[in-house]
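One structure is given below, encoded as structure tokens.
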Amino acid sequence: MATFTWEVNDGIGVVTIDTPGAPVNVISRAVTEDLYEALAVLEREPGVKALVFLSGKPDNFIAGADIEEFVRLKSTADAEQMARDGQALLDRVSSYPKPIVAAINGACLGGGLEFALACRYRVATDHPKTQIGLPEIQLGILPAAGGCQRLPRLIGARAALDIILAGKSERAGKAQRLGIVDELVPPAILRDIAVAAARRLSQGSFRRPRRSGFLGSLLDGNPLGRLLVFRLARKQVLAQTRGNYPAPLAALEAVRHGLSHGMREGLKREAQLFGQLALSDVSRKLVQIFFATRELKKDPGIAGAPPAAEVQRLAVVGSGFMGAGIAGTTVVQAGIDVRLKDSDVARVAKGLNAARDLVNERLTRRRITKFEHTRLVAFLSGSDQYTGFGGAQLVVEAVFEELGVKQQVLRECEAVLPATAVFASNTSTIPIGRIAERAARPERIVGMHFFSPVARMPLLEVIPTAATAPQTVSTAVAFGRRLGKTVIVVKDAPGFWVNRILGPYMNEAAHLLLSGVRAEEIDRAMVQFGFPVGPITLLDEVGIDVAQHAGEVLEAAFGERMTPPPALGALVKDGRLGRKAGKGFYRYANGKKGGVDAAIYALLGVQPNGAIPAAEIVQRLTYAMLNEAARALAEGVVRSPRDGDIGAIYGFGFPPFRGGPLRYLDDVGADRLFAELQRLAERLGPRFAPSEAIVDHARSRARFYP
Ligand code: 3HC
Ligand code: NAI
């Protein structure tokens, strides 16, 4: 009974959940047995009138069912049984003869929330680490320990579906407003308030006030209203998932079934659906991403690296779009001093404002208090001189994309920085080795390639050169992680990883346009395949001029197979730079994207002809990418298929349910890809010629993953 210990005070049993040696509390089979045992013992204690469950972990209540356990399941029947076992445990909790109060501090997720929902009363702390939610959908499964039944009964179908279908976590304040949490308290008094609640419950009955409001009761309170809610939710799910993710529809079904046929039938359906989903390919892929991301969180980025240097002050040169984003994200995520430098004060001021906007946004979204906001904003300062750089441990350079300018800035920085400071360039196309060519301390130079917008994009590529010291790498990796980024270490080769494998994909989109495929047909096909946006929209977002430049760099490095078709030049000449210019392939009005601008076809000199079906669009775009991904991996651009897949998923939204380009390549099969690429090469030209890596894999029937 190691996980549960308790003390009894004045009739209230306070049970501490703390799995020894584990970083977080999870509900495993062993913990389940312990809990049955603890409940049995405490039931028999006549002196115990009510229970409080709280966690012994500093910032975790219960992180859910044990994911490691459910990935070992071998059959749908086993998975269904596992859900039934979880449901039986929580039935025991909800029908326990003595009232149980959940005292929640830290993550209360998945099975953890389902446990709390089975308790009679919930007190939660207002600590930012207290996150309450049902993230199962993100693992391709559904809440199967009664979550699809108890949550809608507690807060109404509409609000419950909102959480379940998006796999969302809410802060405790929001959870209280929704009615999931009964009381919100500061951490210091959590135990006292929970004990007081347990005492009240042991002395009399408790009726939870209704919170649903007029619209809520209209929609949730009668079958017709609910029908509307379900119909709308289904429509939304299909619009978002395009049918590629089965879990949200299954969850919708579990909730609907339970509300129409009662709790018992609902639980049965929930367990059946869990059984099907847990073994599905989509769930397996999503869980692999969870594990890969977790491994990367612990990976220093380089073997045997000394510990990272601690960064207490960041300096940023170039307070433009990227520099300001890096500065603001640093303040919000790491809460440290940031010094911005640009060539004139007006630009510095603009950058500071943009960085401050990111802090303001946290306040508007109630993620920080006014006090915290004032504290964070005070970390931002700037100048048109290098003042303050002497105290920085890391500088990120985000000036114009010109080698001469970057080398000049590096020289100036080396003159003012401490000898141990790391200099990182955010270049998207210039080899880091070139920037470091004339450096005084090349071992301190590294690339840190952020993606735009910095605050929202989850990936960072860290790029060492042959001369970069291991500690420089570990410092850049650790700092990126402090900013909340998933970090991959990639080789100093043109395009690094993300832009390298995007290159042939984007080029192929341009080839299709020039052969008369409509822009929206290309986008639609790729969104249906699972990308968040299609390649043409992506061009507008990135900036057509920026993409054109990146394309030229790849062509210069790799020659013919990367030659961009002459599509973008005409648009750039016409001032169509994409969203930032208010016109690109699509029309934009007041920041809103409209339809495709028919004028582009005249500029490109083509007539849309609808001759190429969606399946071929998808094949040409994805196979071009897979071919290059295999080649770049073989060249060591990424350290492993894991890094390559995570980079593509977080860098440009490669469909997560396909597991990343290399896992997808395994699914397609190297031999089939080889044959198809050859066919495409014969028909469309040598850009499709199978790379050596594909030839090798096809010949040896090798896979990237076991
Ligand atoms: N099962 C197994 N291990 C888990 C886990 C879980 N549910 N949740 C976290 N862990 C492990 C992590 O893998 C990691 O292990 P490691 O140290 O050996 O690498 C460790 O706990 C710490 O996790 P993080 O590094 O992610 O720590 P953070 O503090 O950054 O985040 C967290 C903590 C918010 C709890 C985050 O780990 C998380 O989101 N976990 C997943 C939560 C989840 O998806 N729960 C649903 C599970 S499915 C379920 O409950 C089904 C039910 O309905 C039947
Ligand atoms: P930007 O034009 O918005 O900002 C560049 C800033 O650098 C300007 O404010 C400019 O005044 C300043 N600057 C130029 N020379 C300087 C000097 N010698 N000293 C001090 N400041 C100087 O450009 P953006 O988009 O922020 O790009 C910056 C860098 O980030 C480039 O290398 C770019 O390739 C890279 N990058 C850009 C991405 C994007 O999507 N915009 C994505 C990833 C990297």
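Identifiers in this document derive from the order of the structure tokens: chains are assigned A, B, ..., residues are numbered from 1 separately in each chain, and ligands are numbered from 1 in order of occurrence.
Look at Ala308 (chain A): the protein and nucleic acid residues within 6 Å of it, using only C-alpha atoms and passing over chain neighbours fewer than 2 places away, are Gln471, Ser474 and Thr475 of chain A.
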What would the file look like if the residues just selected were written as an mmCIF file, in the first residue's frame with C-alpha atoms?
data_model
loop_
_atom_site.group_PDB
_atom_site.id
_atom_site.type_symbol
_atom_site.label_atom_id
_atom_site.label_comp_id
_atom_site.auth_asym_id
_atom_site.auth_seq_id
_atom_site.Cartn_x
_atom_site.Cartn_y
_atom_site.Cartn_z
ATOM 1 C CA GLN A 471 28.520 22.954 -23.828
ATOM 2 C CA SER A 474 23.682 21.916 -24.409
ATOM 3 C CA THR A 475 23.218 25.578 -23.409
#
Per residue of chain A within 6 Å of ligand 2, what are the shortest atom pair and its distance in Å to one decimal, counting only C-alpha atoms and all ligand atoms, with rows by chain and residue number, as JSON lines?
{"residue": "A:Val317", "atom": "CA", "partner": "ligand 2", "partner_atom_place_in_ligand_line": "20 (C)", "distance": 5.3}
{"residue": "A:Gly318", "atom": "CA", "partner": "ligand 2", "partner_atom_place_in_ligand_line": "7 (O)", "distance": 3.5}
{"residue": "A:Ser319", "atom": "CA", "partner": "ligand 2", "partner_atom_place_in_ligand_line": "9 (O)", "distance": 4.6}
{"residue": "A:Gly320", "atom": "CA", "partner": "ligand 2", "partner_atom_place_in_ligand_line": "4 (O)", "distance": 3.2}
{"residue": "A:Phe321", "atom": "CA", "partner": "ligand 2", "partner_atom_place_in_ligand_line": "26 (O)", "distance": 3.7}
{"residue": "A:Met322", "atom": "CA", "partner": "ligand 2", "partner_atom_place_in_ligand_line": "26 (O)", "distance": 3.6}
{"residue": "A:Gly323", "atom": "CA", "partner": "ligand 2", "partner_atom_place_in_ligand_line": "26 (O)", "distance": 5.5}
{"residue": "A:Lys341", "atom": "CA", "partner": "ligand 2", "partner_atom_place_in_ligand_line": "20 (C)", "distance": 5.9}
{"residue": "A:Asp342", "atom": "CA", "partner": "ligand 2", "partner_atom_place_in_ligand_line": "21 (N)", "distance": 3.6}
{"residue": "A:Ser343", "atom": "CA", "partner": "ligand 2", "partner_atom_place_in_ligand_line": "20 (C)", "distance": 4.4}
{"residue": "A:Arg347", "atom": "CA", "partner": "ligand 2", "partner_atom_place_in_ligand_line": "9 (O)", "distance": 5.6}
{"residue": "A:Ala398", "atom": "CA", "partner": "ligand 2", "partner_atom_place_in_ligand_line": "29 (C)", "distance": 4.0}
{"residue": "A:Val399", "atom": "CA", "partner": "ligand 2", "partner_atom_place_in_ligand_line": "7 (O)", "distance": 3.4}
{"residue": "A:Phe400", "atom": "CA", "partner": "ligand 2", "partner_atom_place_in_ligand_line": "5 (C)", "distance": 4.7}
{"residue": "A:Glu401", "atom": "CA", "partner": "ligand 2", "partner_atom_place_in_ligand_line": "32 (O)", "distance": 4.0}
{"residue": "A:Val405", "atom": "CA", "partner": "ligand 2", "partner_atom_place_in_ligand_line": "18 (N)", "distance": 5.6}
{"residue": "A:Val409", "atom": "CA", "partner": "ligand 2", "partner_atom_place_in_ligand_line": "18 (N)", "distance": 5.6}
{"residue": "A:Asn426", "atom": "CA", "partner": "ligand 2", "partner_atom_place_in_ligand_line": "30 (O)", "distance": 5.1}
{"residue": "A:Thr427", "atom": "CA", "partner": "ligand 2", "partner_atom_place_in_ligand_line": "32 (O)", "distance": 3.8}
{"residue": "A:Ser428", "atom": "CA", "partner": "ligand 2", "partner_atom_place_in_ligand_line": "34 (O)", "distance": 4.4}
{"residue": "A:His449", "atom": "CA", "partner": "ligand 2", "partner_atom_place_in_ligand_line": "44 (C)", "distance": 5.9}
{"residue": "A:Phe450", "atom": "CA", "partner": "ligand 2", "partner_atom_place_in_ligand_line": "43 (C)", "distance": 5.3}
{"residue": "A:Phe451", "atom": "CA", "partner": "ligand 2", "partner_atom_place_in_ligand_line": "42 (C)", "distance": 4.8}
{"residue": "A:Ser452", "atom": "CA", "partner": "ligand 2", "partner_atom_place_in_ligand_line": "40 (O)", "distance": 4.6}
{"residue": "A:Val542", "atom": "CA", "partner": "ligand 2", "partner_atom_place_in_ligand_line": "40 (O)", "distance": 5.8}
Around ligand 1, at most 9 Å away and counting only C-alpha atoms and all ligand atoms, which residues are there? Put them as a PyMOL selection string, please.
chain A and resi 22-28+59-70+82-83+86-87+106-114+129+131+133-139+141-148+167+271+274+290-291+293-295+297-298
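Distances from A:Ala172, A:Ala50, A:Cys119, A:Ile536 to Gly13 (chain A) were compared using only C-alpha atoms, and the smallest one belongs to A:Ala50.
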Per DSSP on the backbone, filter region 205-321 of chain A down to the residues in strand (DSSP E or B) and report them as a VMD selection string.
chain A and resid 313 to 317
Prev. selection, C-alpha atoms, output as a PDB file, in the first residue's frame:
ATOM      1  CA  ARG A 313      20.250  37.470 -19.237  1.00  0.00           C
ATOM      2  CA  LEU A 314      19.503  37.104 -22.919  1.00  0.00           C
ATOM      3  CA  ALA A 315      20.623  39.686 -25.441  1.00  0.00           C
ATOM      4  CA  VAL A 316      18.923  39.919 -28.826  1.00  0.00           C
ATOM      5  CA  VAL A 317      20.332  41.781 -31.828  1.00  0.00           C
TER       6      VAL A 317
END
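Note that the spacing between CA of Gly569 (chain A) and CA of Leu604 (chain A) amounts to 9.3 Å.
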All residues 12 Å or closer to Glu265 (chain A), only C-alpha atoms, same chain fewer than 6 positions away omitted, as a ChimeraX atom specification:
/A:146,148-149,253-259,271-272
Would you save the residues from that selection as an mmCIF file, in the first residue's frame, using C-alpha atoms?
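Output saved as out_38.cif:
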data_model
loop_
_atom_site.group_PDB
_atom_site.id
_atom_site.type_symbol
_atom_site.label_atom_id
_atom_site.label_comp_id
_atom_site.auth_asym_id
_atom_site.auth_seq_id
_atom_site.Cartn_x
_atom_site.Cartn_y
_atom_site.Cartn_z
ATOM 1 C CA GLY A 146 -16.459 7.189 -16.675
ATOM 2 C CA CYS A 148 -17.668 10.620 -20.825
ATOM 3 C CA GLN A 149 -20.513 10.000 -18.366
ATOM 4 C CA GLU A 253 -20.916 8.658 -29.298
ATOM 5 C CA ALA A 254 -20.009 7.584 -25.732
ATOM 6 C CA VAL A 255 -21.465 10.790 -24.274
ATOM 7 C CA ARG A 256 -24.597 10.622 -26.441
ATOM 8 C CA HIS A 257 -25.209 6.975 -25.683
ATOM 9 C CA GLY A 258 -24.849 7.543 -21.938
ATOM 10 C CA LEU A 259 -27.215 10.497 -21.889
ATOM 11 C CA ALA A 271 -15.314 0.833 -22.614
ATOM 12 C CA GLN A 272 -16.124 -0.824 -25.960
#
Pick from A:Val48, A:Ala440, A:Val345, A:Val331: nearest to Arg362 (chain A), with only C-alpha atoms counted?
A:Val331
Taking 6 positions as the minimum chain separation for residues in the same chain, which residues sit within 10 Å of Leu680 (chain A) when counting only C-alpha atoms? Answer as an MDAnalysis selection string.
chainID A and resid 619:620 623:624 674 686:690
Would you save the residues of that selection, restricted to all heavy atoms, as a JSON list (two decimals), in the first residue's frame?
[["chain", "number", "residue", "atom", "x", "y", "z"],
["A", 619, "GLN", "N", 0.06, 12.54, -53.77],
["A", 619, "GLN", "CA", 1.19, 11.65, -54.00],
["A", 619, "GLN", "C", 2.45, 12.42, -54.41],
["A", 619, "GLN", "O", 3.52, 12.21, -53.86],
["A", 619, "GLN", "CB", 0.83, 10.62, -55.08],
["A", 619, "GLN", "CG", 1.86, 9.52, -55.14],
["A", 619, "GLN", "CD", 1.76, 8.68, -56.39],
["A", 619, "GLN", "OE1", 1.69, 9.19, -57.50],
["A", 619, "GLN", "NE2", 1.75, 7.37, -56.21],
["A", 620, "ARG", "N", 2.28, 13.34, -55.34],
["A", 620, "ARG", "CA", 3.46, 14.07, -55.82],
["A", 620, "ARG", "C", 4.07, 14.90, -54.70],
["A", 620, "ARG", "O", 5.29, 14.93, -54.53],
["A", 620, "ARG", "CB", 3.08, 14.94, -57.02],
["A", 620, "ARG", "CG", 2.99, 14.11, -58.29],
["A", 620, "ARG", "CD", 2.41, 14.87, -59.46],
["A", 620, "ARG", "NE", 3.16, 16.06, -59.84],
["A", 620, "ARG", "CZ", 2.86, 16.78, -60.92],
["A", 620, "ARG", "NH1", 1.86, 16.44, -61.70],
["A", 620, "ARG", "NH2", 3.58, 17.85, -61.21],
["A", 623, "TYR", "N", 5.44, 12.38, -51.75],
["A", 623, "TYR", "CA", 6.57, 11.52, -52.14],
["A", 623, "TYR", "C", 7.83, 12.35, -52.37],
["A", 623, "TYR", "O", 8.95, 11.89, -52.09],
["A", 623, "TYR", "CB", 6.21, 10.67, -53.37],
["A", 623, "TYR", "CG", 5.27, 9.51, -53.04],
["A", 623, "TYR", "CD1", 4.62, 9.46, -51.81],
["A", 623, "TYR", "CD2", 5.04, 8.48, -53.94],
["A", 623, "TYR", "CE1", 3.76, 8.41, -51.49],
["A", 623, "TYR", "CE2", 4.18, 7.42, -53.63],
["A", 623, "TYR", "CZ", 3.54, 7.40, -52.41],
["A", 623, "TYR", "OH", 2.69, 6.36, -52.09],
["A", 624, "ALA", "N", 7.65, 13.56, -52.90],
["A", 624, "ALA", "CA", 8.82, 14.44, -53.07],
["A", 624, "ALA", "C", 9.46, 14.69, -51.70],
["A", 624, "ALA", "O", 10.68, 14.69, -51.54],
["A", 624, "ALA", "CB", 8.40, 15.75, -53.72],
["A", 674, "PHE", "N", 9.82, 3.47, -53.90],
["A", 674, "PHE", "CA", 10.84, 3.40, -54.94],
["A", 674, "PHE", "C", 10.18, 3.25, -56.32],
["A", 674, "PHE", "O", 10.48, 4.00, -57.25],
["A", 674, "PHE", "CB", 11.77, 2.21, -54.65],
["A", 674, "PHE", "CG", 12.74, 1.91, -55.76],
["A", 674, "PHE", "CD1", 13.87, 2.69, -55.94],
["A", 674, "PHE", "CD2", 12.50, 0.86, -56.64],
["A", 674, "PHE", "CE1", 14.76, 2.42, -56.97],
["A", 674, "PHE", "CE2", 13.39, 0.59, -57.69],
["A", 674, "PHE", "CZ", 14.51, 1.37, -57.85],
["A", 686, "PRO", "N", 13.67, 14.15, -63.67],
["A", 686, "PRO", "CA", 14.60, 13.53, -62.72],
["A", 686, "PRO", "C", 14.47, 14.03, -61.29],
["A", 686, "PRO", "O", 15.08, 13.45, -60.39],
["A", 686, "PRO", "CB", 15.98, 13.86, -63.31],
["A", 686, "PRO", "CG", 15.76, 15.02, -64.21],
["A", 686, "PRO", "CD", 14.36, 14.94, -64.71],
["A", 687, "ARG", "N", 13.69, 15.11, -61.07],
["A", 687, "ARG", "CA", 13.57, 15.56, -59.68],
["A", 687, "ARG", "C", 12.97, 14.47, -58.79],
["A", 687, "ARG", "O", 13.13, 14.50, -57.59],
["A", 687, "ARG", "CB", 12.76, 16.86, -59.58],
["A", 687, "ARG", "CG", 11.29, 16.75, -59.98],
["A", 687, "ARG", "CD", 10.58, 18.09, -59.82],
["A", 687, "ARG", "NE", 9.14, 18.00, -60.07],
["A", 687, "ARG", "CZ", 8.56, 18.07, -61.26],
["A", 687, "ARG", "NH1", 9.30, 18.19, -62.35],
["A", 687, "ARG", "NH2", 7.24, 18.00, -61.37],
["A", 688, "PHE", "N", 12.27, 13.52, -59.43],
["A", 688, "PHE", "CA", 11.65, 12.45, -58.65],
["A", 688, "PHE", "C", 12.54, 11.20, -58.53],
["A", 688, "PHE", "O", 12.12, 10.21, -57.92],
["A", 688, "PHE", "CB", 10.30, 12.05, -59.27],
["A", 688, "PHE", "CG", 9.18, 12.93, -58.83],
["A", 688, "PHE", "CD1", 8.62, 13.87, -59.68],
["A", 688, "PHE", "CD2", 8.67, 12.84, -57.53],
["A", 688, "PHE", "CE1", 7.59, 14.70, -59.27],
["A", 688, "PHE", "CE2", 7.64, 13.66, -57.11],
["A", 688, "PHE", "CZ", 7.10, 14.58, -57.98],
["A", 689, "ALA", "N", 13.74, 11.25, -59.10],
["A", 689, "ALA", "CA", 14.58, 10.04, -59.06],
["A", 689, "ALA", "C", 14.76, 9.60, -57.61],
["A", 689, "ALA", "O", 15.08, 10.41, -56.74],
["A", 689, "ALA", "CB", 15.92, 10.35, -59.69],
["A", 690, "PRO", "N", 14.55, 8.30, -57.33],
["A", 690, "PRO", "CA", 14.66, 7.83, -55.95],
["A", 690, "PRO", "C", 16.06, 8.11, -55.39],
["A", 690, "PRO", "O", 17.05, 7.88, -56.07],
["A", 690, "PRO", "CB", 14.41, 6.33, -56.05],
["A", 690, "PRO", "CG", 13.84, 6.09, -57.40],
["A", 690, "PRO", "CD", 14.19, 7.23, -58.28]]
Can you list every residue in region 400-596 of chain A that DSSP puts in alpha helix (DSSP H), as an MDAnalysis selection string?
chainID A and resid 403:416 432:435 470:482 498:514 519:529 535:542 544:558 568:573
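Of the listed residues A:Phe4, A:Phe585, A:Phe206, A:Trp497, the one whose atoms come nearest to Pro535 (chain A) is A:Phe585, with distances taken using only C-alpha atoms.
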